[in-house]
file run_31.txt (compact mmCIF, C-alpha atoms)
# COMPACT_ATOMS: atom_id res chain seq x y z
CA ARG A 288 0.00 0.00 0.00
CA LEU A 289 2.80 2.40 0.87
CA GLN A 290 4.41 1.76 -2.49
CA CYS A 291 1.08 2.41 -4.26
CA PHE A 292 0.66 5.65 -2.34
CA GLN A 293 4.18 6.74 -3.24
CA THR A 294 3.60 5.87 -6.90
CA SER A 295 0.32 7.82 -7.03
CA ASP A 296 1.90 10.81 -5.26
CA MET A 297 4.79 10.79 -7.70
CA ALA A 298 2.43 10.59 -10.66
CA ARG A 299 0.36 13.44 -9.27
CA CYS A 300 3.47 15.58 -8.74
CA CYS A 301 4.65 14.86 -12.27
CA ALA A 302 1.24 15.81 -13.64
CA GLN A 303 1.24 19.07 -11.69
CA LEU A 304 4.78 19.85 -12.83
CA ALA A 305 3.85 19.18 -16.45
CA GLU A 306 0.74 21.36 -16.08
CA ARG A 307 2.80 24.22 -14.64
CA ARG A 308 5.30 23.95 -17.46
CA ARG A 309 2.46 23.98 -19.98
CA SER A 310 0.92 27.08 -18.39
CA LEU A 311 4.32 28.76 -18.29
CA LEU A 312 4.83 27.97 -21.98
CA ASN A 313 1.38 29.36 -22.80
CA PHE A 314 2.15 32.55 -20.88
CA ALA A 315 5.48 32.94 -22.69
CA LEU A 316 3.69 32.55 -26.02
CA LEU A 317 1.14 35.15 -24.90
CA VAL A 318 3.89 37.64 -24.03
CA ALA A 319 5.62 37.01 -27.35
CA ALA A 320 2.35 37.47 -29.25
CA TYR A 321 1.67 40.74 -27.41
CA ILE A 322 5.16 42.05 -28.22
CA VAL A 323 4.68 41.14 -31.89
CA TYR A 324 1.30 42.89 -31.87
CA LEU A 325 2.88 45.97 -30.28
CA LEU A 326 5.71 46.09 -32.82
CA THR A 327 3.29 45.55 -35.69
CA GLY A 328 1.18 48.47 -34.51
CA ALA A 329 4.24 50.70 -34.24
CA TRP A 330 5.33 49.77 -37.78
CA ILE A 331 1.89 50.42 -39.25
CA PHE A 332 1.47 53.76 -37.44
CA SER A 333 4.91 54.85 -38.61
CA ALA A 334 4.19 53.86 -42.19
CA ILE A 335 0.88 55.73 -42.22
CA GLU A 336 1.66 58.86 -40.21
CA LEU A 337 5.29 59.65 -41.06
CA PRO A 338 4.60 60.88 -44.63
CA TYR A 339 1.82 63.18 -43.37
CA GLU A 340 4.09 64.55 -40.65
CA ARG A 341 6.86 65.35 -43.14
CA GLU A 342 4.39 66.97 -45.54
CA LEU A 343 2.94 69.16 -42.79
CA ARG A 344 6.42 70.15 -41.64
CA LEU A 345 7.33 71.25 -45.17
CA GLU A 346 4.12 73.27 -45.44
CA LEU A 347 4.87 75.07 -42.19
CA LEU A 348 8.41 75.85 -43.30
CA ASP A 349 7.12 77.23 -46.60
CA ALA A 350 4.52 79.35 -44.78
CA ARG A 351 7.17 80.70 -42.44
CA ARG A 352 9.48 81.49 -45.35
CA ASP A 353 6.70 83.31 -47.19
CA PHE A 354 5.79 85.31 -44.09
CA LEU A 355 9.37 86.45 -43.56
CA GLY A 356 9.65 87.34 -47.25
CA ASN A 357 6.50 89.47 -47.19
CA ASN A 358 7.34 91.10 -43.85
CA THR A 359 10.99 92.07 -44.00
CA CYS A 360 10.68 94.14 -40.83
CA VAL A 361 10.23 90.95 -38.78
CA SER A 362 13.40 89.07 -38.00
CA ASP A 363 13.66 85.31 -37.95
CA ALA A 364 14.71 85.32 -34.28
CA ARG A 365 11.73 87.44 -33.16
CA LEU A 366 9.32 85.25 -35.11
CA GLU A 367 10.88 82.15 -33.56
CA GLU A 368 10.42 83.67 -30.11
CA LEU A 369 6.77 84.55 -30.78
CA LEU A 370 5.95 81.10 -32.14
CA ALA A 371 7.61 79.39 -29.20
CA ARG A 372 5.65 81.52 -26.75
CA ALA A 373 2.37 80.89 -28.59
CA LEU A 374 2.97 77.13 -28.71
CA GLU A 375 3.83 77.06 -25.02
CA ALA A 376 0.60 78.89 -24.17
CA ASN A 377 -1.37 76.57 -26.45
CA ASN A 378 0.01 73.56 -24.58
CA TYR A 379 -1.59 75.05 -21.45
CA GLY A 380 -4.92 75.47 -23.21
CA VAL A 381 -4.55 79.21 -23.88
CA SER A 382 -4.90 80.34 -27.48
CA VAL A 383 -3.75 83.67 -28.96
CA LEU A 384 -6.40 83.67 -31.68
CA ARG A 385 -8.79 86.59 -31.63
CA ASN A 386 -11.94 84.46 -31.92
CA ASP A 387 -10.97 82.31 -28.93
CA ASP A 388 -11.75 84.23 -25.76
CA SER A 389 -13.47 81.47 -23.75
CA ASP A 390 -12.32 80.74 -20.21
CA ASN A 391 -10.84 77.32 -19.56
CA TRP A 392 -11.28 77.48 -15.81
CA ASN A 393 -14.87 78.47 -15.19
CA PHE A 394 -16.89 76.09 -13.01
CA VAL A 395 -18.28 73.85 -15.76
CA SER A 396 -14.93 73.63 -17.56
CA SER A 397 -13.25 72.80 -14.25
CA LEU A 398 -15.88 70.11 -13.67
CA PHE A 399 -15.08 68.65 -17.07
CA PHE A 400 -11.37 68.72 -16.22
CA SER A 401 -12.00 67.01 -12.86
CA SER A 402 -13.96 64.22 -14.54
CA THR A 403 -11.19 63.59 -17.07
CA VAL A 404 -8.61 63.48 -14.28
CA LEU A 405 -10.53 61.11 -12.01
CA THR A 406 -11.42 58.74 -14.86
CA THR A 407 -7.77 58.87 -16.08
CA THR A 408 -8.93 60.01 -19.53
CA GLY A 409 -6.74 63.13 -19.43
CA TYR A 410 -7.26 64.90 -22.75
CA GLY A 411 -4.40 67.31 -22.03
CA HIS A 412 -6.08 70.29 -23.71
CA THR A 413 -6.40 72.06 -20.33
CA VAL A 414 -3.74 71.74 -17.65
CA PRO A 415 -3.04 73.56 -14.39
CA LEU A 416 -1.09 76.78 -14.96
CA SER A 417 0.07 77.59 -11.43
CA ASP A 418 2.23 75.62 -9.02
CA GLY A 419 -0.64 75.53 -6.55
CA GLY A 420 -2.92 74.02 -9.17
CA LYS A 421 -0.35 71.36 -10.04
CA ALA A 422 0.16 70.45 -6.37
CA PHE A 423 -3.59 70.27 -5.75
CA CYS A 424 -4.01 68.11 -8.89
CA ILE A 425 -1.56 65.57 -7.45
CA PHE A 426 -3.31 65.54 -4.07
CA TYR A 427 -6.77 65.45 -5.67
CA SER A 428 -5.85 62.57 -7.97
CA LEU A 429 -4.09 60.62 -5.23
CA PHE A 430 -7.34 60.18 -3.33
CA GLY A 431 -9.82 60.72 -6.14
CA ILE A 432 -8.69 58.03 -8.56
CA PRO A 433 -8.96 55.13 -6.04
CA VAL A 434 -12.36 56.45 -4.92
CA THR A 435 -13.48 56.67 -8.56
CA LEU A 436 -12.32 53.13 -9.26
CA PHE A 437 -14.19 51.90 -6.20
CA PHE A 438 -17.31 53.81 -7.22
CA LEU A 439 -17.17 52.45 -10.76
CA SER A 440 -16.65 48.91 -9.46
CA VAL A 441 -19.67 49.11 -7.14
CA ALA A 442 -21.84 50.72 -9.81
CA VAL A 443 -20.84 48.14 -12.42
CA GLN A 444 -21.58 45.23 -10.09
CA ARG A 445 -25.04 46.58 -9.26
CA ILE A 446 -25.81 47.11 -12.94
CA MET A 447 -24.47 43.65 -13.79
CA VAL A 448 -27.16 42.09 -11.60
CA LEU A 449 -29.90 43.86 -13.56
CA VAL A 450 -28.62 43.62 -17.12
CA THR A 451 -26.55 40.41 -17.10
CA ARG A 452 -27.04 37.94 -14.28
CA ARG A 453 -30.81 38.10 -13.88
CA PRO A 454 -31.59 38.00 -17.61
CA ILE A 455 -29.29 35.03 -18.14
CA SER A 456 -30.79 33.14 -15.19
CA TYR A 457 -34.32 33.90 -16.37
CA LEU A 458 -33.65 32.79 -19.94
CA HIS A 459 -31.84 29.71 -18.68
CA ARG A 460 -34.93 28.63 -16.71
CA ARG A 461 -37.34 29.67 -19.46
CA TRP A 462 -35.65 28.20 -22.52
CA ALA A 463 -33.61 25.39 -20.89
CA MET A 464 -30.51 26.54 -22.77
CA SER A 465 -26.99 26.21 -21.41
CA LYS A 466 -25.75 29.25 -19.53
CA SER A 467 -22.50 29.39 -21.46
CA LYS A 468 -24.32 29.84 -24.78
CA LEU A 469 -26.77 32.31 -23.28
CA ALA A 470 -23.91 34.30 -21.76
CA ALA A 471 -22.09 34.51 -25.11
CA ILE A 472 -25.25 35.60 -26.97
CA HIS A 473 -26.10 38.11 -24.23
CA ALA A 474 -22.59 39.60 -24.23
CA THR A 475 -22.69 40.02 -28.00
CA CYS A 476 -26.09 41.74 -27.94
CA LEU A 477 -25.05 43.96 -25.03
CA ALA A 478 -21.88 45.03 -26.84
CA ILE A 479 -23.83 45.88 -29.99
CA VAL A 480 -26.43 47.91 -28.09
CA THR A 481 -23.78 49.78 -26.08
CA ALA A 482 -21.73 50.57 -29.18
CA SER A 483 -24.83 51.85 -30.95
CA LEU A 484 -26.12 54.02 -28.10
CA PHE A 485 -22.84 55.40 -26.81
CA ILE A 486 -20.56 55.50 -29.86
CA LEU A 487 -22.49 55.55 -33.14
CA VAL A 488 -25.39 57.79 -32.10
CA PRO A 489 -23.19 60.31 -30.19
CA ALA A 490 -20.79 60.39 -33.15
CA TRP A 491 -23.68 61.42 -35.40
CA VAL A 492 -24.71 64.08 -32.84
CA PHE A 493 -21.18 65.48 -32.61
CA THR A 494 -20.99 65.60 -36.41
CA SER A 495 -23.98 67.94 -36.47
CA LEU A 496 -22.86 70.06 -33.51
CA GLU A 497 -19.13 70.40 -34.18
CA SER A 498 -18.62 72.27 -37.45
CA ASP A 499 -15.03 71.08 -37.95
CA TRP A 500 -15.70 67.39 -37.32
CA ASP A 501 -16.79 64.77 -39.82
CA PHE A 502 -18.29 61.42 -38.81
CA LEU A 503 -14.94 59.62 -38.63
CA GLU A 504 -13.48 62.28 -36.34
CA SER A 505 -16.56 62.18 -34.12
CA LEU A 506 -16.43 58.40 -34.00
CA TYR A 507 -12.73 58.62 -33.18
CA PHE A 508 -13.41 61.01 -30.29
CA CYS A 509 -16.19 58.85 -28.81
CA PHE A 510 -14.12 55.68 -28.94
CA MET A 511 -10.97 57.32 -27.54
CA SER A 512 -12.94 58.93 -24.72
CA LEU A 513 -14.98 55.92 -23.59
CA THR A 514 -11.90 53.70 -23.61
CA THR A 515 -10.11 56.35 -21.46
CA ILE A 516 -7.35 56.77 -24.05
CA GLY A 517 -8.06 60.47 -24.37
CA LEU A 518 -5.34 61.72 -26.68
CA GLY A 519 -6.71 65.25 -26.56
CA ASP A 520 -6.43 66.02 -30.27
CA TYR A 521 -10.23 66.32 -30.45
CA VAL A 522 -12.12 68.01 -27.61
CA PRO A 523 -15.79 68.97 -28.01
CA GLY A 524 -16.85 72.51 -27.37
CA GLN A 525 -13.90 74.24 -28.99
CA THR A 526 -15.86 75.27 -32.09
CA HIS A 527 -19.43 74.72 -30.96
CA THR A 528 -19.21 77.19 -28.09
CA GLN A 529 -18.67 80.11 -30.45
CA ASP A 530 -22.18 79.83 -31.90
CA SER A 531 -24.03 78.08 -29.09
CA PRO A 532 -26.26 80.15 -26.79
CA HIS A 533 -25.59 77.70 -23.92
CA PRO A 534 -21.94 76.61 -24.07
CA GLN A 535 -21.78 75.68 -20.39
CA LEU A 536 -24.82 73.43 -20.67
CA TYR A 537 -23.22 71.76 -23.69
CA ARG A 538 -20.02 71.09 -21.76
CA LEU A 539 -22.02 69.74 -18.80
CA ALA A 540 -23.92 67.36 -21.09
CA ILE A 541 -20.62 66.09 -22.50
CA THR A 542 -19.35 65.43 -18.97
CA LEU A 543 -22.44 63.39 -18.09
CA TYR A 544 -22.19 61.49 -21.37
CA LEU A 545 -18.58 60.53 -20.73
CA LEU A 546 -19.28 59.30 -17.19
CA LEU A 547 -22.37 57.31 -18.16
CA GLY A 548 -20.71 55.90 -21.26
CA LEU A 549 -17.68 54.81 -19.25
CA VAL A 550 -19.89 52.91 -16.82
CA CYS A 551 -21.69 51.15 -19.67
CA VAL A 552 -18.43 50.19 -21.36
CA LEU A 553 -17.16 48.74 -18.08
CA VAL A 554 -20.38 46.74 -17.77
CA VAL A 555 -19.76 45.23 -21.21
CA LEU A 556 -16.15 44.41 -20.36
CA GLU A 557 -17.13 42.83 -17.05
CA THR A 558 -19.83 40.80 -18.81
CA CYS A 559 -17.26 39.51 -21.28
CA CYS A 560 -14.81 38.68 -18.50
CA GLU A 561 -17.45 36.59 -16.72
CA LEU A 562 -18.03 34.38 -19.74
CA PRO A 563 -17.20 30.73 -18.96
CA GLN A 564 -15.23 30.57 -22.19
CA MET A 565 -13.05 33.49 -21.08
CA LYS A 566 -12.48 31.98 -17.66
CA ARG A 567 -11.50 28.67 -19.20
CA LEU A 568 -9.11 30.44 -21.57
CA ALA A 569 -7.55 32.49 -18.76
CA ARG A 570 -6.88 29.37 -16.72
CA ARG A 571 -4.55 28.09 -19.42
CA PHE A 572 -2.09 30.87 -18.61
CA ASN A 573 -2.13 30.41 -14.82
CA HIS A 574 -0.12 28.06 -12.64
CA GLU A 575 -3.24 26.38 -11.26
CA ASN A 576 -4.53 23.25 -12.84
CA VAL A 577 -7.02 23.84 -15.62
CA ARG A 578 -9.42 21.42 -13.95
CA GLU A 579 -9.43 23.50 -10.76
CA LEU A 580 -12.13 25.84 -12.04
CA ASP A 581 -14.49 27.65 -9.73
CA SER A 582 -17.70 25.79 -8.96
CA GLU A 583 -19.97 27.94 -11.11
CA THR A 584 -17.84 27.70 -14.25
CA ALA A 585 -17.24 23.99 -13.75
CA ASN A 586 -20.96 23.32 -13.40
CA ILE A 587 -21.71 25.30 -16.55
CA ILE A 588 -19.05 23.43 -18.55
CA ASP A 589 -20.26 20.07 -17.25
CA LEU A 590 -23.85 20.90 -18.15
CA ASP A 591 -22.78 21.87 -21.65
CA HIS A 592 -21.11 18.49 -22.16
CA THR A 593 -23.78 16.32 -20.54
CA GLY A 594 -26.84 18.32 -21.58
CA ALA A 595 -28.46 17.72 -18.17
CA ILE A 596 -29.94 20.88 -16.68
CA PRO A 597 -31.16 20.51 -13.10
CA SER A 598 -34.20 22.52 -12.21
CA VAL A 599 -34.33 25.11 -9.48
CA SER A 600 -36.61 22.92 -7.39
CA GLU A 601 -34.10 20.05 -7.51
CA GLN A 602 -31.29 22.34 -6.40
CA ALA A 603 -33.40 23.73 -3.56
CA ALA A 604 -34.41 20.21 -2.48
CA SER A 605 -30.78 19.10 -2.39
CA LEU A 606 -29.85 22.10 -0.28
CA ARG A 607 -32.69 21.40 2.17
CA GLN A 608 -31.63 17.76 2.36
CA ASP A 609 -28.05 18.74 3.17
CA LYS A 610 -29.20 21.13 5.87
CA SER A 611 -31.67 18.67 7.40
CA ALA A 612 -29.19 15.78 7.57
CA PRO A 613 -28.43 15.11 11.26
CA TYR A 614 -24.89 15.22 12.51
CA THR A 615 -23.75 11.92 14.01
CA PRO A 616 -20.43 12.13 15.79
CA VAL A 617 -18.05 9.23 15.52
CA PRO A 618 -17.33 7.48 18.83
CA GLY A 619 -13.87 8.05 20.16
CA SER A 620 -13.20 4.34 20.57
CA ALA A 621 -13.91 3.71 16.91
CA VAL A 622 -11.49 6.43 15.90
CA ASN A 623 -8.84 5.11 18.22
CA GLY A 624 -9.41 1.63 16.91
CA ASN A 625 -8.96 2.75 13.33
CA LEU A 626 -5.78 4.60 14.27
CA ARG A 627 -4.44 1.50 15.87
call {"tool": "encode", "arguments": {"input": "run_31.txt", "output": "structure tokens"}}
result
Amino acid sequence: RLQCFQTSDMARCCAQLAERRRSLLNFALLVAAYIVYLLTGAWIFSAIELPYERELRLELLDARRDFLGNNTCVSDARLEELLARALEANNYGVSVLRNDDSDNWNFVSSLFFSSTVLTTTGYGHTVPLSDGGKAFCIFYSLFGIPVTLFFLSVAVQRIMVLVTRRPISYLHRRWAMSKSKLAAIHATCLAIVTASLFILVPAWVFTSLESDWDFLESLYFCFMSLTTIGLGDYVPGQTHTQDSPHPQLYRLAITLYLLLGLVCVLVVLETCCELPQMKRLARRFNHENVRELDSETANIIDLDHTGAIPSVSEQAASLRQDKSAPYTPVPGSAVNGNLR
């Protein structure tokens, strides 16, 4: 018996070691694939954008040369100094154009800035000018970002119960379909609805409100904002506020849209992460054994393979039976006898 136990333990250890090596190999392949994807993206961006950058640089040099030729009283050094000062002010969100006299730090604009800071979107079009503002931004973000992440997590979990877990459970009982298939169909439909309501429709609205934006630029802004990338090359309200009778209300509506859209996008991502297929895929890159799935995912996978779907009444009856089973302690003499 001892030899059998030792043989089984050795076989189990070898199996665990092989499983860990397999998961480590899968993780290494994942890292390599991500690096290749990153390098491919860099190569494509460079191939697309570098010619446009060089063309724009040549146009600016020609415009500067023409300006100096038509205005001989302006020296090259003074023009260089003026352009450097104007570009520095523009990096802080202050423009020297005559038709741009809007304040960047009124209450509504500051509210918009606070929302982009706490959600880590950070467009970069408006930044603190003073040392006190920069210090307060650090302190404000240090406590505000964790609180925002906690708030978003709680809000997403409460919404998940209403839009994901309850509908899947109801349809599972009503249609007797496996939860894994229902979860995949539900996640797909939820992603389509969210993309339509918070990306496609707002992009069409921004196209009509922002005079300088076409549909692709509006779509680009919505996607970059709701994914918290926030490059800052497109910020709504820069052109619309000149003709709008209520520019502050427009900026406030944009702030609410970004916060609500971010919550909905997180709900979609959390729904996708809870898919049994995603959990099973993620386990292949961990050190734990693939068979050591959590009870819910394991039950779903087993039901998919067997096709047996227990009813709610059967589950409740089994729980009542477990609770009603009396506890019978083992006599001490029997235990001692077995030990002997």
call {"tool": "atom_distance", "arguments": {"input": "run_31.txt", "atom1": "atom CA of Glu561 of chain A", "atom2": "atom CA of Ile322 of chain A"}}
result
25.9 Å
call {"tool": "atom_distance", "arguments": {"input": "run_31.txt", "atom1": "atom CA of Gly380 of chain A", "atom2": "atom CA of His412 of chain A"}}
result
5.3 Å
call {"tool": "residues_around", "arguments": {"input": "run_31.txt", "residues": "segment 477-494 of chain A", "least_positions_apart": "5", "cutoff": "12 Å", "atoms": "all atoms listed in the file", "output": "MDAnalysis selection string"}}
result
chainID A and resid 447 450:451 454 469:472 499:514 521:527 537 540:541 543:559
call {"tool": "atom_distance", "arguments": {"input": "run_31.txt", "atom1": "atom CA of Cys476 of chain A", "atom2": "atom CA of Leu439 of chain A"}}
result
22.1 Å
call {"tool": "axis_aligned_box", "arguments": {"input": "run_31.txt", "around": "segment 435-447 of chain A", "padding_each_side": "4 Å", "output": "JSON"}}
result
{"center_x": -19.1, "center_y": 50.2, "center_z": -10.0, "size_x": 21.5, "size_y": 21.0, "size_z": 15.6}
call {"tool": "closest_residue", "arguments": {"input": "run_31.txt", "among": "A:Ala376, A:Cys424, A:Leu317, A:Ala371", "to": "Phe400 of chain A", "atoms": "all atoms listed in the file"}}
result
A:Cys424
call {"tool": "residues_near_point", "arguments": {"input": "run_31.txt", "point": "(-18.6, 80.0, -14.9)", "cutoff": "12 Å", "atoms": "all atoms listed in the file", "output": "PDB file with C-alpha atoms, in the coordinates of the input"}}
result
ATOM      1  CA  SER A 389     -13.470  81.470 -23.750  1.00  0.00           C
ATOM      2  CA  ASP A 390     -12.320  80.740 -20.210  1.00  0.00           C
ATOM      3  CA  ASN A 391     -10.840  77.320 -19.560  1.00  0.00           C
ATOM      4  CA  TRP A 392     -11.280  77.480 -15.810  1.00  0.00           C
ATOM      5  CA  ASN A 393     -14.870  78.470 -15.190  1.00  0.00           C
ATOM      6  CA  PHE A 394     -16.890  76.090 -13.010  1.00  0.00           C
ATOM      7  CA  VAL A 395     -18.280  73.850 -15.760  1.00  0.00           C
ATOM      8  CA  SER A 396     -14.930  73.630 -17.560  1.00  0.00           C
ATOM      9  CA  SER A 397     -13.250  72.800 -14.250  1.00  0.00           C
ATOM     10  CA  LEU A 398     -15.880  70.110 -13.670  1.00  0.00           C
ATOM     11  CA  HIS A 533     -25.590  77.700 -23.920  1.00  0.00           C
ATOM     12  CA  PRO A 534     -21.940  76.610 -24.070  1.00  0.00           C
ATOM     13  CA  GLN A 535     -21.780  75.680 -20.390  1.00  0.00           C
ATOM     14  CA  LEU A 536     -24.820  73.430 -20.670  1.00  0.00           C
ATOM     15  CA  ARG A 538     -20.020  71.090 -21.760  1.00  0.00           C
ATOM     16  CA  LEU A 539     -22.020  69.740 -18.800  1.00  0.00           C
TER      17      LEU A 539
END
call {"tool": "closest_residue", "arguments": {"input": "run_31.txt", "among": "A:Ala329, A:Leu429, A:Leu337, A:Leu312", "to": "Thr407 of chain A", "atoms": "all atoms listed in the file"}}
result
A:Leu429
call {"tool": "decode", "arguments": {"input": "run_31.txt", "residues": "segment 472-481 of chain A", "atoms": "all heavy atoms", "output": "compact mmCIF listing (two decimals), in the first residue's frame"}}
result
# COMPACT_ATOMS: atom_id res chain seq x y z
N ILE A 472 -24.28 34.84 -26.16
CA ILE A 472 -25.25 35.60 -26.97
C ILE A 472 -25.59 36.92 -26.30
O ILE A 472 -25.68 37.98 -26.94
CB ILE A 472 -26.52 34.75 -27.18
CG1 ILE A 472 -26.18 33.50 -27.99
CG2 ILE A 472 -27.60 35.56 -27.88
CD1 ILE A 472 -27.34 32.53 -28.13
N HIS A 473 -25.77 36.89 -24.98
CA HIS A 473 -26.10 38.11 -24.23
C HIS A 473 -24.97 39.12 -24.31
O HIS A 473 -25.21 40.33 -24.49
CB HIS A 473 -26.41 37.76 -22.78
CG HIS A 473 -26.65 38.95 -21.92
ND1 HIS A 473 -25.64 39.57 -21.20
CD2 HIS A 473 -27.78 39.66 -21.65
CE1 HIS A 473 -26.13 40.57 -20.52
NE2 HIS A 473 -27.43 40.66 -20.78
N ALA A 474 -23.73 38.68 -24.16
CA ALA A 474 -22.59 39.60 -24.23
C ALA A 474 -22.48 40.24 -25.61
O ALA A 474 -22.19 41.44 -25.72
CB ALA A 474 -21.30 38.85 -23.88
N THR A 475 -22.73 39.47 -26.65
CA THR A 475 -22.69 40.02 -28.00
C THR A 475 -23.77 41.08 -28.21
O THR A 475 -23.50 42.17 -28.73
CB THR A 475 -22.85 38.90 -29.03
OG1 THR A 475 -21.82 37.92 -28.82
CG2 THR A 475 -22.75 39.44 -30.44
N CYS A 476 -24.99 40.77 -27.79
CA CYS A 476 -26.09 41.74 -27.94
C CYS A 476 -25.84 42.98 -27.10
O CYS A 476 -26.10 44.11 -27.56
CB CYS A 476 -27.41 41.09 -27.55
SG CYS A 476 -27.92 39.72 -28.61
N LEU A 477 -25.32 42.81 -25.89
CA LEU A 477 -25.05 43.96 -25.03
C LEU A 477 -23.96 44.84 -25.62
O LEU A 477 -24.05 46.08 -25.55
CB LEU A 477 -24.65 43.46 -23.64
CG LEU A 477 -24.46 44.54 -22.56
CD1 LEU A 477 -25.77 45.26 -22.30
CD2 LEU A 477 -23.94 43.90 -21.27
N ALA A 478 -22.94 44.24 -26.21
CA ALA A 478 -21.88 45.03 -26.84
C ALA A 478 -22.41 45.81 -28.04
O ALA A 478 -22.05 46.98 -28.24
CB ALA A 478 -20.73 44.11 -27.26
N ILE A 479 -23.28 45.19 -28.82
CA ILE A 479 -23.83 45.88 -29.99
C ILE A 479 -24.71 47.05 -29.57
O ILE A 479 -24.62 48.16 -30.13
CB ILE A 479 -24.62 44.88 -30.86
CG1 ILE A 479 -23.67 43.85 -31.47
CG2 ILE A 479 -25.38 45.61 -31.96
CD1 ILE A 479 -24.38 42.75 -32.23
N VAL A 480 -25.55 46.84 -28.56
CA VAL A 480 -26.43 47.91 -28.09
C VAL A 480 -25.62 49.06 -27.49
O VAL A 480 -25.89 50.24 -27.75
CB VAL A 480 -27.44 47.35 -27.07
CG1 VAL A 480 -28.23 48.48 -26.41
CG2 VAL A 480 -28.39 46.37 -27.74
N THR A 481 -24.61 48.74 -26.70
CA THR A 481 -23.78 49.78 -26.08
C THR A 481 -23.01 50.56 -27.13
O THR A 481 -22.92 51.80 -27.07
CB THR A 481 -22.80 49.14 -25.08
OG1 THR A 481 -23.54 48.41 -24.10
CG2 THR A 481 -21.97 50.20 -24.39
